[in-house]
Amino acid sequence: NSGLANTALGLLRMRERKFDEAKKYLEKAVAADGKNHLAHYSYAYVLSRESMDEFGYVSKYPAEVVKKIRESLQKAVAIKPDFTESYRLLSFVLLVNGENLDESAAAVKKAMALQPGNQDYLLLLAQIYLRQEKYAEVKEIAENLVKTASEPEMRSTAQNLLKSVIDYEESKARYDKQQKDMEAKGIRPPTILKRNALSESEIAKIEEENKINGLNRVLPKLNTGENR
């Protein structure tokens with residue numbers, strides 16, 4: 001009934017990818033020592049790892065898993081508010097699902113307030129900002145990490161983030177220029193709508209207009225007094 005021993009066994013089974021056994025040991029650890037923040041955190045951590053593949057990749061967490069992770073981490077934080085990994089794990093799980101991104105950012109900022117120099121937390125915040133389309137903030141953090149990161153992997157990730165922002169800025173500049181050129185030629189810019197929100201007749205009308213706009217783009221501009 002040792003909480004510490006069951007926590008250790010649970011993490012060991014997780015490393016072996018025996019998640020059912022891991023959860024049983026950690027549930028026993030929580031029951032034996034409900035005041036141990038590591039038991040609650042480790043249970044949440046195992047739940048987060050269970051959805052990952054062998055390379056550590058996860059595209060989305062099931063809603064019921066997120067609920068359990070959140071509940072376990074809330075208990076861990078209540079017991080030991082200065083244990084920063086509880087905030088980091090919650091932030092990561094919310095980021096993966098792309099939901100509650102403001103809460104995700106707030107959680108990792110709490111961890112950063114407790115450990116201001118932690119570059120892992122700073123990188124996680126940059127990834128959240130990227131999902132929120134806060135490109136200026138992403139660029140600032142990424143440029144800082146490219147210069148200061150001691151680990152090659154982190155520096156490489158920061159470089160990729162920076163490249164994503166630069167590529168976006170260049171694409172937006174080209175798009176804006178194209179829009180201005182079209183307006184100067186009297187061509188209406190394309191309208192983007194979700195297809196499933198339109199009727200068949202509306203889709204047919206839009207497709208016809210797109211054909212006309214496509215022809216107008218390649219035909220020479222009319223001179224005064226000319227008709228097409």
# chains A, B, ... in the order shown; residues from 1 in each chain; ligands from 1
>>> residues_around(residues="Ala29 (chain A)", least_positions_apart="2", cutoff="8 Å", atoms="only C-alpha atoms", output="list in words")
Asn1, Ser2, Gly3, Leu4, Ala5, Asn6, Thr7, Tyr25, Leu26, Glu27, Ala31, Ala32, Asp33, Gly34 and Ala39 of chain A
>>> write_last_selection(atoms="N, CA and C atoms", output="JSON list (two decimals), in the first residue's frame")
[["chain", "number", "residue", "atom", "x", "y", "z"],
["A", 1, "ASN", "N", 0.82, -1.22, 0.00],
["A", 1, "ASN", "CA", 0.00, 0.00, 0.00],
["A", 1, "ASN", "C", 0.85, 1.27, 0.00],
["A", 2, "SER", "N", 2.12, 1.15, -0.28],
["A", 2, "SER", "CA", 3.01, 2.32, -0.30],
["A", 2, "SER", "C", 2.69, 3.19, -1.52],
["A", 3, "GLY", "N", 2.34, 4.44, -1.26],
["A", 3, "GLY", "CA", 2.06, 5.36, -2.36],
["A", 3, "GLY", "C", 3.28, 5.58, -3.23],
["A", 4, "LEU", "N", 4.43, 5.72, -2.63],
["A", 4, "LEU", "CA", 5.67, 5.95, -3.38],
["A", 4, "LEU", "C", 6.02, 4.76, -4.26],
["A", 5, "ALA", "N", 5.91, 3.54, -3.69],
["A", 5, "ALA", "CA", 6.26, 2.34, -4.44],
["A", 5, "ALA", "C", 5.29, 2.12, -5.61],
["A", 6, "ASN", "N", 4.00, 2.33, -5.36],
["A", 6, "ASN", "CA", 3.02, 2.14, -6.43],
["A", 6, "ASN", "C", 3.17, 3.19, -7.53],
["A", 7, "THR", "N", 3.55, 4.41, -7.15],
["A", 7, "THR", "CA", 3.82, 5.44, -8.15],
["A", 7, "THR", "C", 4.99, 5.03, -9.03],
["A", 25, "TYR", "N", -1.63, 0.68, -10.79],
["A", 25, "TYR", "CA", -0.68, 1.02, -9.72],
["A", 25, "TYR", "C", -0.86, 2.46, -9.26],
["A", 26, "LEU", "N", -1.08, 3.37, -10.20],
["A", 26, "LEU", "CA", -1.20, 4.78, -9.83],
["A", 26, "LEU", "C", -2.53, 5.08, -9.14],
["A", 27, "GLU", "N", -3.58, 4.39, -9.53],
["A", 27, "GLU", "CA", -4.85, 4.54, -8.82],
["A", 27, "GLU", "C", -4.70, 4.05, -7.37],
["A", 31, "ALA", "N", -5.01, 6.30, -3.93],
["A", 31, "ALA", "CA", -5.88, 5.84, -2.83],
["A", 31, "ALA", "C", -5.09, 5.72, -1.53],
["A", 32, "ALA", "N", -3.83, 5.29, -1.63],
["A", 32, "ALA", "CA", -3.00, 5.09, -0.43],
["A", 32, "ALA", "C", -2.49, 6.40, 0.13],
["A", 33, "ASP", "N", -2.23, 7.37, -0.76],
["A", 33, "ASP", "CA", -1.64, 8.63, -0.31],
["A", 33, "ASP", "C", -2.22, 9.77, -1.14],
["A", 34, "GLY", "N", -3.45, 10.15, -0.84],
["A", 34, "GLY", "CA", -4.14, 11.18, -1.60],
["A", 34, "GLY", "C", -3.55, 12.56, -1.43],
["A", 39, "ALA", "N", 1.69, 11.58, -6.95],
["A", 39, "ALA", "CA", 0.80, 10.48, -7.34],
["A", 39, "ALA", "C", -0.27, 11.00, -8.30]]
>>> residues_around(residues="region 73-78 of chain A", least_positions_apart="3", cutoff="7 Å", atoms="only C-alpha atoms", output="NGL selection string")
:A and (37 or 40-41 or 44 or 69-70 or 81 or 86)
>>> write_last_selection(atoms="N, CA, C and O atoms", output="compact mmCIF listing (two decimals), in the first residue's frame")
# COMPACT_ATOMS: atom_id res chain seq x y z
N HIS A 37 1.22 14.96 -4.12
CA HIS A 37 0.98 15.60 -5.42
C HIS A 37 1.58 14.80 -6.57
O HIS A 37 1.06 14.79 -7.68
N HIS A 40 -0.87 12.14 -7.98
CA HIS A 40 -1.89 12.72 -8.86
C HIS A 40 -1.28 13.15 -10.19
O HIS A 40 -1.86 12.89 -11.26
N TYR A 41 -0.12 13.80 -10.12
CA TYR A 41 0.53 14.25 -11.36
C TYR A 41 0.91 13.05 -12.22
O TYR A 41 0.71 13.06 -13.44
N ALA A 44 -1.98 11.60 -14.11
CA ALA A 44 -2.31 12.45 -15.26
C ALA A 44 -1.28 12.26 -16.37
O ALA A 44 -1.63 12.21 -17.56
N ILE A 69 -7.43 13.97 -16.80
CA ILE A 69 -6.14 14.63 -16.64
C ILE A 69 -6.32 15.95 -15.89
O ILE A 69 -5.56 16.27 -14.96
N ARG A 70 -7.33 16.72 -16.29
CA ARG A 70 -7.57 18.01 -15.64
C ARG A 70 -7.86 17.83 -14.15
O ARG A 70 -7.32 18.55 -13.31
N PRO A 81 1.14 23.90 -5.05
CA PRO A 81 0.96 24.91 -6.10
C PRO A 81 2.24 25.31 -6.81
O PRO A 81 2.18 25.85 -7.92
N SER A 86 2.87 20.36 -13.25
CA SER A 86 1.41 20.20 -13.33
C SER A 86 0.83 21.21 -14.31
O SER A 86 -0.03 20.89 -15.12
>>> select_by_dssp(residues="region 25-95 of chain A", states="helix (DSSP H, G or I)", output="ChimeraX atom specification")
/A:25-32,37-50,63-79,84-95
>>> write_last_selection(atoms="N, CA and C atoms", output="compact mmCIF listing (two decimals), in the first residue's frame")
# COMPACT_ATOMS: atom_id res chain seq x y z
N TYR A 25 -1.63 0.68 -10.79
CA TYR A 25 -0.68 1.02 -9.72
C TYR A 25 -0.86 2.46 -9.26
N LEU A 26 -1.08 3.37 -10.20
CA LEU A 26 -1.20 4.78 -9.83
C LEU A 26 -2.53 5.08 -9.14
N GLU A 27 -3.58 4.39 -9.53
CA GLU A 27 -4.85 4.54 -8.82
C GLU A 27 -4.70 4.05 -7.37
N LYS A 28 -3.92 2.99 -7.20
CA LYS A 28 -3.65 2.48 -5.85
C LYS A 28 -2.80 3.47 -5.06
N ALA A 29 -1.85 4.12 -5.76
CA ALA A 29 -1.00 5.11 -5.11
C ALA A 29 -1.82 6.30 -4.63
N VAL A 30 -2.74 6.75 -5.46
CA VAL A 30 -3.60 7.89 -5.08
C VAL A 30 -4.48 7.52 -3.90
N ALA A 31 -5.01 6.30 -3.93
CA ALA A 31 -5.88 5.84 -2.83
C ALA A 31 -5.09 5.72 -1.53
N ALA A 32 -3.83 5.29 -1.63
CA ALA A 32 -3.00 5.09 -0.43
C ALA A 32 -2.49 6.40 0.13
N HIS A 37 1.22 14.96 -4.12
CA HIS A 37 0.98 15.60 -5.42
C HIS A 37 1.58 14.80 -6.57
N LEU A 38 2.69 14.08 -6.31
CA LEU A 38 3.34 13.31 -7.37
C LEU A 38 2.47 12.15 -7.84
N ALA A 39 1.69 11.58 -6.95
CA ALA A 39 0.80 10.48 -7.34
C ALA A 39 -0.27 11.00 -8.30
N HIS A 40 -0.87 12.14 -7.98
CA HIS A 40 -1.89 12.72 -8.86
C HIS A 40 -1.28 13.15 -10.19
N TYR A 41 -0.12 13.80 -10.12
CA TYR A 41 0.53 14.25 -11.36
C TYR A 41 0.91 13.05 -12.22
N SER A 42 1.48 12.01 -11.61
CA SER A 42 1.94 10.84 -12.37
C SER A 42 0.77 10.13 -13.03
N TYR A 43 -0.39 10.10 -12.36
CA TYR A 43 -1.57 9.49 -12.97
C TYR A 43 -1.98 10.27 -14.22
N ALA A 44 -1.98 11.60 -14.11
CA ALA A 44 -2.31 12.45 -15.26
C ALA A 44 -1.28 12.26 -16.37
N TYR A 45 -0.03 12.13 -15.99
CA TYR A 45 1.05 11.98 -16.97
C TYR A 45 0.89 10.66 -17.75
N VAL A 46 0.58 9.60 -17.04
CA VAL A 46 0.38 8.30 -17.70
C VAL A 46 -0.81 8.37 -18.66
N LEU A 47 -1.88 9.03 -18.25
CA LEU A 47 -3.04 9.18 -19.13
C LEU A 47 -2.65 9.95 -20.41
N SER A 48 -1.79 10.95 -20.25
CA SER A 48 -1.36 11.72 -21.43
C SER A 48 -0.47 10.89 -22.35
N ARG A 49 0.35 10.03 -21.78
CA ARG A 49 1.25 9.19 -22.58
C ARG A 49 0.51 8.06 -23.27
N GLU A 50 -0.59 7.61 -22.69
CA GLU A 50 -1.31 6.47 -23.25
C GLU A 50 -1.83 6.78 -24.66
N ALA A 63 -12.08 13.39 -25.11
CA ALA A 63 -12.63 14.34 -24.13
C ALA A 63 -12.63 13.76 -22.72
N GLU A 64 -12.94 12.46 -22.59
CA GLU A 64 -12.99 11.87 -21.26
C GLU A 64 -11.60 11.78 -20.63
N VAL A 65 -10.58 11.62 -21.47
CA VAL A 65 -9.20 11.57 -20.97
C VAL A 65 -8.77 12.96 -20.50
N VAL A 66 -9.12 13.98 -21.27
CA VAL A 66 -8.80 15.36 -20.87
C VAL A 66 -9.45 15.69 -19.53
N LYS A 67 -10.68 15.23 -19.35
CA LYS A 67 -11.39 15.48 -18.08
C LYS A 67 -10.65 14.84 -16.91
N LYS A 68 -10.20 13.60 -17.07
CA LYS A 68 -9.47 12.92 -16.00
C LYS A 68 -8.13 13.58 -15.72
N ILE A 69 -7.43 13.97 -16.80
CA ILE A 69 -6.14 14.63 -16.64
C ILE A 69 -6.32 15.95 -15.89
N ARG A 70 -7.33 16.72 -16.29
CA ARG A 70 -7.57 18.01 -15.64
C ARG A 70 -7.86 17.83 -14.15
N GLU A 71 -8.71 16.85 -13.83
CA GLU A 71 -9.08 16.61 -12.42
C GLU A 71 -7.87 16.21 -11.59
N SER A 72 -7.02 15.34 -12.14
CA SER A 72 -5.82 14.90 -11.41
C SER A 72 -4.84 16.04 -11.21
N LEU A 73 -4.67 16.86 -12.24
CA LEU A 73 -3.73 17.98 -12.14
C LEU A 73 -4.25 19.06 -11.19
N GLN A 74 -5.55 19.26 -11.15
CA GLN A 74 -6.12 20.22 -10.21
C GLN A 74 -5.84 19.78 -8.77
N LYS A 75 -5.93 18.49 -8.54
CA LYS A 75 -5.62 17.96 -7.19
C LYS A 75 -4.14 18.14 -6.88
N ALA A 76 -3.29 17.88 -7.88
CA ALA A 76 -1.84 18.04 -7.67
C ALA A 76 -1.50 19.50 -7.36
N VAL A 77 -2.12 20.43 -8.09
CA VAL A 77 -1.86 21.86 -7.87
C VAL A 77 -2.37 22.30 -6.50
N ALA A 78 -3.54 21.79 -6.10
CA ALA A 78 -4.08 22.15 -4.79
C ALA A 78 -3.15 21.72 -3.66
N ILE A 79 -2.49 20.57 -3.82
CA ILE A 79 -1.59 20.05 -2.80
C ILE A 79 -0.25 20.80 -2.82
N THR A 84 5.74 23.00 -10.90
CA THR A 84 5.46 23.61 -12.20
C THR A 84 5.04 22.61 -13.28
N GLU A 85 5.44 21.36 -13.16
CA GLU A 85 5.11 20.39 -14.21
C GLU A 85 3.61 20.12 -14.32
N SER A 86 2.87 20.36 -13.25
CA SER A 86 1.41 20.20 -13.33
C SER A 86 0.83 21.21 -14.31
N TYR A 87 1.32 22.45 -14.24
CA TYR A 87 0.85 23.50 -15.15
C TYR A 87 1.28 23.20 -16.59
N ARG A 88 2.52 22.74 -16.74
CA ARG A 88 3.04 22.46 -18.08
C ARG A 88 2.24 21.36 -18.76
N LEU A 89 1.94 20.28 -18.02
CA LEU A 89 1.21 19.16 -18.61
C LEU A 89 -0.20 19.58 -19.02
N LEU A 90 -0.88 20.35 -18.18
CA LEU A 90 -2.22 20.82 -18.53
C LEU A 90 -2.16 21.70 -19.78
N SER A 91 -1.18 22.58 -19.82
CA SER A 91 -1.01 23.46 -20.97
C SER A 91 -0.80 22.66 -22.25
N PHE A 92 0.03 21.63 -22.18
CA PHE A 92 0.33 20.80 -23.35
C PHE A 92 -0.90 20.06 -23.85
N VAL A 93 -1.65 19.46 -22.94
CA VAL A 93 -2.83 18.68 -23.33
C VAL A 93 -3.87 19.59 -24.00
N LEU A 94 -4.08 20.77 -23.45
CA LEU A 94 -5.04 21.71 -24.04
C LEU A 94 -4.55 22.19 -25.41
N LEU A 95 -3.25 22.37 -25.55
CA LEU A 95 -2.70 22.79 -26.84
C LEU A 95 -2.91 21.73 -27.90
>>> closest_residue(among="A:Gln159, A:Asn97, A:Gln178, A:Asn210", to="Val146 (chain A)", atoms="only C-alpha atoms")
A:Gln159
>>> atom_distance(atom1="CA of Thr224 (chain A)", atom2="CA of Glu209 (chain A)")
24.2 Å
>>> decode(residues="region 138-149 of chain A", atoms="N, CA and C atoms", output="compact mmCIF listing (two decimals), in the first residue's frame")
# COMPACT_ATOMS: atom_id res chain seq x y z
N VAL A 138 5.16 35.02 -31.35
CA VAL A 138 5.90 33.81 -31.73
C VAL A 138 7.29 34.18 -32.24
N LYS A 139 7.34 35.17 -33.10
CA LYS A 139 8.61 35.58 -33.71
C LYS A 139 9.59 36.06 -32.65
N GLU A 140 9.10 36.83 -31.69
CA GLU A 140 9.96 37.36 -30.63
C GLU A 140 10.56 36.22 -29.79
N ILE A 141 9.71 35.26 -29.40
CA ILE A 141 10.20 34.15 -28.58
C ILE A 141 11.15 33.27 -29.38
N ALA A 142 10.78 32.96 -30.63
CA ALA A 142 11.60 32.07 -31.45
C ALA A 142 12.99 32.68 -31.72
N GLU A 143 13.03 33.97 -32.01
CA GLU A 143 14.32 34.63 -32.25
C GLU A 143 15.19 34.57 -31.00
N ASN A 144 14.56 34.73 -29.84
CA ASN A 144 15.30 34.66 -28.58
C ASN A 144 15.87 33.26 -28.36
N LEU A 145 15.06 32.23 -28.62
CA LEU A 145 15.51 30.86 -28.40
C LEU A 145 16.58 30.44 -29.40
N VAL A 146 16.47 30.90 -30.64
CA VAL A 146 17.49 30.58 -31.64
C VAL A 146 18.86 31.09 -31.17
N LYS A 147 18.85 32.23 -30.50
CA LYS A 147 20.11 32.83 -30.04
C LYS A 147 20.62 32.22 -28.75
N THR A 148 19.71 31.81 -27.86
CA THR A 148 20.11 31.44 -26.50
C THR A 148 19.99 29.97 -26.16
N ALA A 149 19.23 29.19 -26.93
CA ALA A 149 19.01 27.77 -26.58
C ALA A 149 20.32 27.00 -26.59
